[in-house]
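Structure below is data_13.cif: mmCIF, C-alpha atoms.
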```
data_structure
#
loop_
_atom_site.group_PDB
_atom_site.id
_atom_site.type_symbol
_atom_site.label_atom_id
_atom_site.label_comp_id
_atom_site.auth_asym_id
_atom_site.auth_seq_id
_atom_site.Cartn_x
_atom_site.Cartn_y
_atom_site.Cartn_z
ATOM 1 C CA MET A 234 39.411 -14.645 31.920
ATOM 2 C CA GLU A 235 36.714 -15.597 34.398
ATOM 3 C CA ARG A 236 33.160 -15.920 33.093
ATOM 4 C CA ILE A 237 30.551 -15.418 35.803
ATOM 5 C CA LEU A 238 26.935 -16.597 36.052
ATOM 6 C CA VAL A 239 24.756 -14.977 38.729
ATOM 7 C CA ILE A 240 21.611 -16.999 39.496
ATOM 8 C CA GLY A 241 18.992 -14.875 41.230
ATOM 9 C CA ALA A 242 20.366 -11.647 39.771
ATOM 10 C CA CYS A 243 17.058 -9.774 40.119
ATOM 11 C CA GLY A 244 17.024 -9.979 43.915
ATOM 12 C CA GLN A 245 18.259 -7.457 46.460
ATOM 13 C CA LEU A 246 21.677 -9.076 46.833
ATOM 14 C CA GLY A 247 21.846 -10.363 43.268
ATOM 15 C CA SER A 248 21.393 -7.047 41.488
ATOM 16 C CA GLU A 249 24.053 -5.278 43.537
ATOM 17 C CA LEU A 250 26.481 -8.185 43.380
ATOM 18 C CA THR A 251 26.047 -8.452 39.603
ATOM 19 C CA ASN A 252 27.048 -4.816 39.189
ATOM 20 C CA GLU A 253 30.101 -5.184 41.430
ATOM 21 C CA LEU A 254 31.182 -8.281 39.514
ATOM 22 C CA GLY A 255 30.835 -6.248 36.327
ATOM 23 C CA LYS A 256 33.257 -3.687 37.722
ATOM 24 C CA LEU A 257 35.766 -6.444 38.515
ATOM 25 C CA PHE A 258 35.508 -8.622 35.417
ATOM 26 C CA GLY A 259 33.777 -6.419 32.831
ATOM 27 C CA ASN A 260 30.042 -6.463 32.120
ATOM 28 C CA SER A 261 30.543 -8.692 29.083
ATOM 29 C CA ASN A 262 31.983 -11.429 31.314
ATOM 30 C CA VAL A 263 29.041 -11.475 33.756
ATOM 31 C CA ILE A 264 25.800 -13.227 32.814
ATOM 32 C CA ALA A 265 22.735 -12.342 34.882
ATOM 33 C CA SER A 266 19.955 -14.894 35.282
ATOM 34 C CA ASP A 267 16.698 -15.216 37.187
ATOM 35 C CA ILE A 268 13.338 -16.941 36.895
ATOM 36 C CA SER A 269 11.833 -13.425 36.766
ATOM 37 C CA GLN A 270 12.096 -10.891 33.988
ATOM 38 C CA PRO A 271 15.209 -8.685 34.204
ATOM 39 C CA VAL A 272 15.098 -5.564 36.369
ATOM 40 C CA ALA A 273 16.479 -2.161 35.409
ATOM 41 C CA ALA A 274 19.434 -2.497 37.795
ATOM 42 C CA ILE A 275 20.986 -5.227 35.623
ATOM 43 C CA SER A 276 20.002 -3.864 32.208
ATOM 44 C CA ASN A 277 23.649 -3.524 31.145
ATOM 45 C CA PHE A 278 24.272 -7.276 31.363
ATOM 46 C CA THR A 279 23.451 -10.236 29.151
ATOM 47 C CA PHE A 280 20.391 -11.843 30.724
ATOM 48 C CA GLU A 281 19.180 -15.440 30.648
ATOM 49 C CA GLN A 282 15.811 -16.406 32.088
ATOM 50 C CA LEU A 283 16.536 -19.497 34.173
ATOM 51 C CA ASP A 284 14.677 -21.903 36.410
ATOM 52 C CA VAL A 285 17.572 -23.327 38.429
ATOM 53 C CA MET A 286 15.490 -26.445 39.135
ATOM 54 C CA ASN A 287 15.860 -27.286 35.425
ATOM 55 C CA ALA A 288 19.287 -28.943 35.302
ATOM 56 C CA ASP A 289 19.395 -29.147 31.491
ATOM 57 C CA GLN A 290 18.592 -25.458 31.096
ATOM 58 C CA LEU A 291 21.272 -24.561 33.649
ATOM 59 C CA SER A 292 23.850 -26.738 31.911
ATOM 60 C CA GLY A 293 23.022 -25.193 28.533
ATOM 61 C CA ILE A 294 23.573 -21.661 29.814
ATOM 62 C CA VAL A 295 26.897 -22.623 31.427
ATOM 63 C CA GLU A 296 28.088 -24.207 28.173
ATOM 64 C CA THR A 297 26.842 -21.396 25.926
ATOM 65 C CA HIS A 298 28.645 -18.714 27.908
ATOM 66 C CA ASP A 299 31.774 -20.719 28.892
ATOM 67 C CA ILE A 300 31.046 -20.083 32.575
ATOM 68 C CA THR A 301 33.847 -20.613 35.125
ATOM 69 C CA GLN A 302 32.170 -19.294 38.305
ATOM 70 C CA VAL A 303 28.582 -19.472 39.530
ATOM 71 C CA TYR A 304 27.035 -17.303 42.224
ATOM 72 C CA HIS A 305 23.902 -19.249 43.158
ATOM 73 C CA LEU A 306 21.661 -16.826 45.064
ATOM 74 C CA ALA A 307 18.183 -18.103 44.191
ATOM 75 C CA ALA A 308 16.227 -19.153 47.307
ATOM 76 C CA ILE A 309 12.946 -18.796 49.139
ATOM 77 C CA LEU A 310 13.547 -16.666 52.238
ATOM 78 C CA SER A 311 12.483 -17.302 55.825
ATOM 79 C CA ALA A 312 9.023 -15.738 56.122
ATOM 80 C CA LYS A 313 7.850 -16.785 52.653
ATOM 81 C CA GLY A 314 9.229 -20.269 53.216
ATOM 82 C CA GLU A 315 7.018 -20.790 56.246
ATOM 83 C CA GLU A 316 3.967 -20.066 54.099
ATOM 84 C CA ASN A 317 4.785 -22.968 51.758
ATOM 85 C CA PRO A 318 7.427 -25.237 53.331
ATOM 86 C CA LYS A 319 7.534 -28.049 50.757
ATOM 87 C CA TRP A 320 7.876 -25.617 47.873
ATOM 88 C CA ALA A 321 10.651 -23.739 49.687
ATOM 89 C CA TRP A 322 12.545 -26.942 50.491
ATOM 90 C CA ASN A 323 12.255 -28.210 46.926
ATOM 91 C CA LEU A 324 13.514 -25.007 45.326
ATOM 92 C CA ASN A 325 16.286 -24.389 47.829
ATOM 93 C CA MET A 326 17.632 -27.940 47.701
ATOM 94 C CA THR A 327 17.105 -28.925 44.063
ATOM 95 C CA GLY A 328 18.669 -25.715 42.804
ATOM 96 C CA LEU A 329 21.779 -26.130 44.937
ATOM 97 C CA LEU A 330 22.257 -29.788 44.007
ATOM 98 C CA ASN A 331 21.906 -28.950 40.317
ATOM 99 C CA VAL A 332 24.634 -26.308 40.678
ATOM 100 C CA LEU A 333 26.961 -28.565 42.690
ATOM 101 C CA GLU A 334 26.564 -31.450 40.265
ATOM 102 C CA LEU A 335 27.385 -29.186 37.324
ATOM 103 C CA ALA A 336 30.387 -27.793 39.226
ATOM 104 C CA LYS A 337 31.670 -31.331 39.693
ATOM 105 C CA GLU A 338 31.359 -32.046 35.968
ATOM 106 C CA LYS A 339 32.791 -28.760 34.680
ATOM 107 C CA ASN A 340 35.235 -27.710 37.426
ATOM 108 C CA LEU A 341 33.369 -24.521 38.345
ATOM 109 C CA ARG A 342 34.009 -22.331 41.375
ATOM 110 C CA ILE A 343 30.751 -21.910 43.287
ATOM 111 C CA TYR A 344 29.445 -19.296 45.680
ATOM 112 C CA TRP A 345 26.322 -20.212 47.665
ATOM 113 C CA PRO A 346 24.971 -18.135 50.565
ATOM 114 C CA SER A 347 23.954 -19.704 53.838
ATOM 115 C CA SER A 348 22.350 -17.786 56.699
ATOM 116 C CA ILE A 349 22.156 -17.300 60.445
ATOM 117 C CA ALA A 350 18.879 -19.211 60.030
ATOM 118 C CA VAL A 351 20.936 -22.421 60.359
ATOM 119 C CA PHE A 352 21.075 -21.742 64.089
ATOM 120 C CA GLY A 353 18.169 -22.518 66.394
ATOM 121 C CA PRO A 354 16.625 -22.220 69.856
ATOM 122 C CA THR A 355 19.413 -24.039 71.697
ATOM 123 C CA THR A 356 22.285 -22.367 69.840
ATOM 124 C CA PRO A 357 24.304 -19.971 72.049
ATOM 125 C CA ARG A 358 22.709 -16.594 71.303
ATOM 126 C CA VAL A 359 25.570 -14.243 72.152
ATOM 127 C CA ASN A 360 28.710 -14.357 69.983
ATOM 128 C CA THR A 361 27.503 -17.554 68.325
ATOM 129 C CA PRO A 362 30.673 -19.507 67.431
ATOM 130 C CA GLN A 363 31.595 -20.955 64.047
ATOM 131 C CA ASP A 364 31.058 -24.531 65.237
ATOM 132 C CA THR A 365 28.115 -24.942 67.571
ATOM 133 C CA VAL A 366 24.680 -26.483 68.079
ATOM 134 C CA MET A 367 22.570 -26.055 64.941
ATOM 135 C CA ASP A 368 18.895 -26.918 65.321
ATOM 136 C CA PRO A 369 16.932 -24.683 62.930
ATOM 137 C CA ASN A 370 13.163 -24.731 63.218
ATOM 138 C CA THR A 371 12.215 -23.008 59.949
ATOM 139 C CA VAL A 372 12.236 -24.641 56.519
ATOM 140 C CA TYR A 373 14.612 -21.908 55.355
ATOM 141 C CA GLY A 374 17.074 -22.712 58.132
ATOM 142 C CA ILE A 375 16.693 -26.465 57.636
ATOM 143 C CA SER A 376 17.408 -26.127 53.922
ATOM 144 C CA LYS A 377 20.408 -23.884 54.556
ATOM 145 C CA LEU A 378 21.865 -26.331 57.083
ATOM 146 C CA ALA A 379 21.366 -29.211 54.656
ATOM 147 C CA GLY A 380 22.943 -27.068 51.942
ATOM 148 C CA GLU A 381 26.021 -26.479 54.081
ATOM 149 C CA ARG A 382 26.458 -30.209 54.498
ATOM 150 C CA TRP A 383 26.068 -30.783 50.740
ATOM 151 C CA CYS A 384 28.648 -28.069 49.993
ATOM 152 C CA GLU A 385 31.205 -29.649 52.292
ATOM 153 C CA TYR A 386 30.368 -33.101 50.908
ATOM 154 C CA TYR A 387 30.963 -32.040 47.278
ATOM 155 C CA HIS A 388 34.239 -30.390 48.285
ATOM 156 C CA GLU A 389 35.494 -33.402 50.256
ATOM 157 C CA LYS A 390 34.302 -36.093 47.826
ATOM 158 C CA TYR A 391 34.730 -34.395 44.460
ATOM 159 C CA GLY A 392 37.056 -31.439 45.042
ATOM 160 C CA VAL A 393 34.438 -28.818 44.152
ATOM 161 C CA ASP A 394 35.697 -25.321 44.992
ATOM 162 C CA VAL A 395 32.543 -24.177 46.781
ATOM 163 C CA ARG A 396 32.546 -21.222 49.162
ATOM 164 C CA SER A 397 29.852 -19.858 51.428
ATOM 165 C CA LEU A 398 28.958 -17.228 54.029
ATOM 166 C CA ARG A 399 26.312 -17.354 56.736
ATOM 167 C CA TYR A 400 24.756 -13.977 56.053
ATOM 168 C CA PRO A 401 23.114 -12.077 58.876
ATOM 169 C CA GLY A 402 20.205 -9.785 57.978
ATOM 170 C CA LEU A 403 21.176 -7.791 54.879
ATOM 171 C CA ILE A 404 20.191 -4.141 54.623
ATOM 172 C CA GLY A 405 20.273 -2.230 51.352
ATOM 173 C CA TYR A 406 18.452 0.682 49.743
ATOM 174 C CA LYS A 407 18.636 -0.187 46.031
ATOM 175 C CA SER A 408 15.744 -2.660 45.965
ATOM 176 C CA LEU A 409 12.552 -3.411 47.875
ATOM 177 C CA PRO A 410 12.371 -5.851 50.822
ATOM 178 C CA GLY A 411 12.343 -9.486 49.747
ATOM 179 C CA GLY A 412 10.306 -11.368 52.343
ATOM 180 C CA GLY A 413 12.861 -12.090 55.042
ATOM 181 C CA THR A 414 12.441 -11.777 58.793
ATOM 182 C CA THR A 415 15.172 -9.124 58.951
ATOM 183 C CA ASP A 416 13.647 -7.057 56.124
ATOM 184 C CA TYR A 417 11.976 -4.698 58.578
ATOM 185 C CA ALA A 418 15.358 -2.988 58.648
ATOM 186 C CA VAL A 419 15.001 -2.200 54.934
ATOM 187 C CA ASP A 420 11.344 -1.126 54.955
ATOM 188 C CA ILE A 421 11.809 1.159 57.948
ATOM 189 C CA TYR A 422 13.956 3.613 55.960
ATOM 190 C CA HIS A 423 11.336 3.834 53.217
ATOM 191 C CA LYS A 424 8.674 4.735 55.773
ATOM 192 C CA ALA A 425 10.920 7.300 57.449
ATOM 193 C CA LEU A 426 11.675 9.108 54.205
ATOM 194 C CA ARG A 427 8.001 9.123 53.229
ATOM 195 C CA ASN A 428 7.147 10.675 56.601
ATOM 196 C CA GLU A 429 5.001 7.670 57.438
ATOM 197 C CA PRO A 430 4.840 5.907 60.819
ATOM 198 C CA PHE A 431 6.354 2.440 60.879
ATOM 199 C CA GLU A 432 4.698 -0.636 62.357
ATOM 200 C CA CYS A 433 7.363 -3.214 63.130
ATOM 201 C CA PHE A 434 6.542 -6.924 63.103
ATOM 202 C CA LEU A 435 9.220 -7.570 65.759
ATOM 203 C CA SER A 436 9.356 -6.353 69.346
ATOM 204 C CA GLU A 437 11.445 -3.273 70.023
ATOM 205 C CA ASP A 438 14.171 -5.154 71.906
ATOM 206 C CA THR A 439 14.729 -8.002 69.426
ATOM 207 C CA TYR A 440 18.461 -8.026 68.669
ATOM 208 C CA LEU A 441 19.599 -9.621 65.409
ATOM 209 C CA PRO A 442 22.939 -9.675 63.586
ATOM 210 C CA MET A 443 22.812 -7.372 60.571
ATOM 211 C CA MET A 444 25.068 -6.252 57.743
ATOM 212 C CA TYR A 445 24.911 -3.357 55.303
ATOM 213 C CA MET A 446 24.768 -4.492 51.693
ATOM 214 C CA SER A 447 28.117 -2.860 50.878
ATOM 215 C CA ASP A 448 29.778 -5.024 53.522
ATOM 216 C CA ALA A 449 27.924 -8.136 52.312
ATOM 217 C CA ILE A 450 29.210 -7.574 48.772
ATOM 218 C CA LYS A 451 32.715 -6.942 50.102
ATOM 219 C CA ALA A 452 32.669 -10.136 52.184
ATOM 220 C CA THR A 453 31.410 -12.191 49.242
ATOM 221 C CA LEU A 454 34.027 -10.929 46.810
ATOM 222 C CA ASP A 455 36.841 -11.140 49.376
ATOM 223 C CA LEU A 456 35.940 -14.780 50.019
ATOM 224 C CA MET A 457 35.703 -15.683 46.337
ATOM 225 C CA GLN A 458 39.016 -14.026 45.473
ATOM 226 C CA ALA A 459 40.964 -15.504 48.374
ATOM 227 C CA PRO A 460 43.467 -18.255 47.504
ATOM 228 C CA ALA A 461 41.932 -21.722 47.864
ATOM 229 C CA ASP A 462 44.405 -22.743 50.558
ATOM 230 C CA GLN A 463 43.103 -19.935 52.812
ATOM 231 C CA ILE A 464 39.535 -21.289 52.679
ATOM 232 C CA LYS A 465 39.502 -23.704 55.617
ATOM 233 C CA VAL A 466 35.692 -23.876 56.027
ATOM 234 C CA ARG A 467 33.772 -25.466 53.157
ATOM 235 C CA SER A 468 30.380 -25.597 54.853
ATOM 236 C CA SER A 469 29.885 -21.867 55.502
ATOM 237 C CA TYR A 470 31.697 -19.078 57.344
ATOM 238 C CA ASN A 471 30.170 -16.959 60.085
ATOM 239 C CA VAL A 472 30.359 -13.273 59.116
ATOM 240 C CA SER A 473 29.213 -10.332 61.184
ATOM 241 C CA ALA A 474 29.159 -6.564 61.158
ATOM 242 C CA ILE A 475 26.571 -5.016 63.538
ATOM 243 C CA SER A 476 23.797 -6.163 65.867
ATOM 244 C CA PHE A 477 20.896 -3.911 66.828
ATOM 245 C CA SER A 478 17.239 -3.909 67.836
ATOM 246 C CA PRO A 479 14.293 -2.172 66.116
ATOM 247 C CA LYS A 480 14.343 0.424 68.890
ATOM 248 C CA GLU A 481 17.993 1.236 68.180
ATOM 249 C CA ILE A 482 17.475 1.613 64.435
ATOM 250 C CA VAL A 483 14.565 3.977 65.152
ATOM 251 C CA GLU A 484 16.845 6.037 67.407
ATOM 252 C CA SER A 485 19.496 6.109 64.690
ATOM 253 C CA ILE A 486 16.973 7.348 62.097
ATOM 254 C CA ARG A 487 15.683 10.035 64.496
ATOM 255 C CA LYS A 488 19.125 11.628 64.526
ATOM 256 C CA GLY A 489 18.352 12.689 60.950
ATOM 257 C CA ILE A 490 14.524 12.640 60.997
ATOM 258 C CA PRO A 491 13.500 13.610 64.566
ATOM 259 C CA GLU A 492 9.747 13.307 63.927
ATOM 260 C CA PHE A 493 9.908 9.648 62.813
ATOM 261 C CA SER A 494 7.664 7.357 64.869
ATOM 262 C CA ALA A 495 7.353 3.580 65.187
ATOM 263 C CA THR A 496 5.053 1.093 66.901
ATOM 264 C CA TYR A 497 5.554 -2.617 67.496
ATOM 265 C CA GLN A 498 3.097 -5.392 66.638
ATOM 266 C CA PRO A 499 4.998 -8.717 66.690
ATOM 267 C CA ASP A 500 3.600 -11.391 64.348
ATOM 268 C CA PHE A 501 4.701 -14.924 63.368
ATOM 269 C CA ARG A 502 8.119 -13.575 62.377
ATOM 270 C CA GLN A 503 8.873 -12.857 66.036
ATOM 271 C CA ALA A 504 9.155 -16.581 66.724
ATOM 272 C CA ILE A 505 11.563 -16.910 63.795
ATOM 273 C CA ALA A 506 13.713 -14.042 65.074
ATOM 274 C CA ASP A 507 13.680 -15.468 68.600
ATOM 275 C CA SER A 508 15.284 -18.669 67.313
ATOM 276 C CA TRP A 509 18.251 -16.785 65.830
ATOM 277 C CA PRO A 510 21.389 -15.381 67.522
ATOM 278 C CA ASP A 511 21.743 -11.897 68.973
ATOM 279 C CA SER A 512 25.345 -11.588 67.766
ATOM 280 C CA ILE A 513 27.897 -13.633 65.808
ATOM 281 C CA ASP A 514 31.534 -14.588 66.391
ATOM 282 C CA ASP A 515 33.228 -14.368 62.987
ATOM 283 C CA SER A 516 36.829 -14.697 64.173
ATOM 284 C CA VAL A 517 37.454 -17.686 61.902
ATOM 285 C CA ALA A 518 36.661 -15.629 58.788
ATOM 286 C CA ARG A 519 38.780 -12.767 60.092
ATOM 287 C CA ASN A 520 41.726 -15.121 60.650
ATOM 288 C CA ASP A 521 41.416 -17.183 57.453
ATOM 289 C CA TRP A 522 40.889 -14.475 54.813
ATOM 290 C CA ASN A 523 41.094 -11.183 56.741
ATOM 291 C CA TRP A 524 37.398 -10.296 56.818
ATOM 292 C CA SER A 525 36.578 -6.892 58.322
ATOM 293 C CA PRO A 526 33.358 -4.821 57.982
ATOM 294 C CA SER A 527 33.244 -1.090 57.254
ATOM 295 C CA PHE A 528 29.795 0.072 58.450
ATOM 296 C CA ASP A 529 28.307 0.544 61.909
ATOM 297 C CA LEU A 530 24.627 1.419 62.499
ATOM 298 C CA ASP A 531 24.870 5.222 62.275
ATOM 299 C CA LYS A 532 27.203 5.149 59.271
ATOM 300 C CA MET A 533 24.742 2.822 57.513
ATOM 301 C CA THR A 534 21.737 5.003 58.409
ATOM 302 C CA ASN A 535 23.462 8.144 57.132
ATOM 303 C CA ASP A 536 24.346 6.459 53.846
ATOM 304 C CA ILE A 537 20.798 5.170 53.279
ATOM 305 C CA LEU A 538 19.112 8.477 54.168
ATOM 306 C CA LYS A 539 21.469 10.223 51.756
ATOM 307 C CA ASN A 540 21.009 7.869 48.796
ATOM 308 C CA LEU A 541 17.527 6.336 49.056
ATOM 309 C CA PRO A 542 15.461 9.494 48.257
ATOM 310 C CA ALA A 543 16.626 9.456 44.627
ATOM 311 C CA LEU A 544 15.164 5.957 44.202
ATOM 312 C CA LEU A 545 11.810 6.305 45.977
ATOM 313 C CA ASN A 546 9.932 7.520 42.883
ATOM 314 C CA GLU A 547 11.246 4.556 40.880
ATOM 315 C CA PHE A 548 9.978 2.121 43.528
ATOM 316 C CA GLU A 549 6.542 3.772 43.538
ATOM 317 C CA GLN A 550 6.252 3.505 39.754
ATOM 318 C CA ALA A 551 7.459 -0.115 39.586
#
```
Just give me the structure of the file as structure tokens.
Amino acid sequence: MERILVIGACGQLGSELTNELGKLFGNSNVIASDISQPVAAISNFTFEQLDVMNADQLSGIVETHDITQVYHLAAILSAKGEENPKWAWNLNMTGLLNVLELAKEKNLRIYWPSSIAVFGPTTPRVNTPQDTVMDPNTVYGISKLAGERWCEYYHEKYGVDVRSLRYPGLIGYKSLPGGGTTDYAVDIYHKALRNEPFECFLSEDTYLPMMYMSDAIKATLDLMQAPADQIKVRSSYNVSAISFSPKEIVESIRKGIPEFSATYQPDFRQAIADSWPDSIDDSVARNDWNWSPSFDLDKMTNDILKNLPALLNEFEQA
């Protein structure tokens, strides 16, 4: 029986992924961990408070719970990383190296997320290929690119079964935005349902690759459950679902809430977004392990507008 440790389980991705892993392996076989106190969404799981930069603490938790797989999600995201670059680099790199070193010692299967932030200003912007120019100009992107190289290194040198996806912007309704450049596409639904105008920190025609959280969870679990011989990329796979601009998401919301209004006041995050692709070519993932998304923009909008209202009071009281 697999025994799973989720590091960063209190985050937007972590809380939803923890619950899906519980459905697959049983809640008793999934250990949630985070440097923060546990959130209500993961209250049905054993929880360990963990600073992933503490290698001894990490090793102790893995030994105590007989862990066989680690989903290492803890990271400082793009916008917050630019506010404190050295801190972001240290956490993002030290945590990953601690996990990889432990995987080498204990033969663990590892999942670590990369990001479209690994691309940069001279990367082809349309249908960005799997292998291309990578010149990130944010500390988040730099750390993710370095992390990809470390993942491939530990696989090639030590046989570590490490797997990774380059996530686009992730959009979900079950938790609050987490400080990323693409998080406008989470906050905008909250404003719409509260009948509040939305001020976007990106220009209306800024296209970015995006993915609904359900598809992100599906891609992650499909990758981790694929046979090892199907995993040909050990740095990180491109994955894609939809690409849209702030103007297009506003138009999608107005199909259900016609009175919704938005204005655009680009800030420092515009420069970050401008360094990222408009769309992603994920044909390698589709060929290697049959990746395919389920949600387009309107299907995602309809699902969020249907399900988010029940959670708004909880967010306000938190």
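Of the listed residues (A:Asp521, A:Ser508, A:Ala321, A:Asn546), A:Ser508 comes nearest to A:Pro357; the distances count all atoms listed in the file.
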> Looking at A:Trp322, A:Gly353, A:Ser468, A:Lys339, which one is nearest to A:His388, with distances taken over all atoms listed in the file?
Replying inline: A:Ser468
> Skipping near chain neighbours, those fewer than 6 positions away, what residues fall within 7 Å of stretch 395-408 of chain A using only C-alpha atoms, listed as a PyMOL selection string?
Replying inline: chain A and resi 245+342-349+384+388+415+418-419+442-446+457+467-473+537+541
>> Under the PyMOL selection byres ((chain A and resi 277) around 12), which residues of this model are included? Write them out as an MDAnalysis selection string.
In response: chainID A and resid 248 251:252 255:256 259:265 271:276 278:280
> Which residues match the PyMOL selection byres ((chain A and resi 350) around 10) in the file above, as a PyMOL selection string?
Replying inline: chain A and resi 310-311+347-349+351-353+367-378+399-402+414+505-506+508-510
> So how far away is atom CA of A:Phe258 from atom CA of A:Thr297, in Å?
Replying inline: 18.1 Å
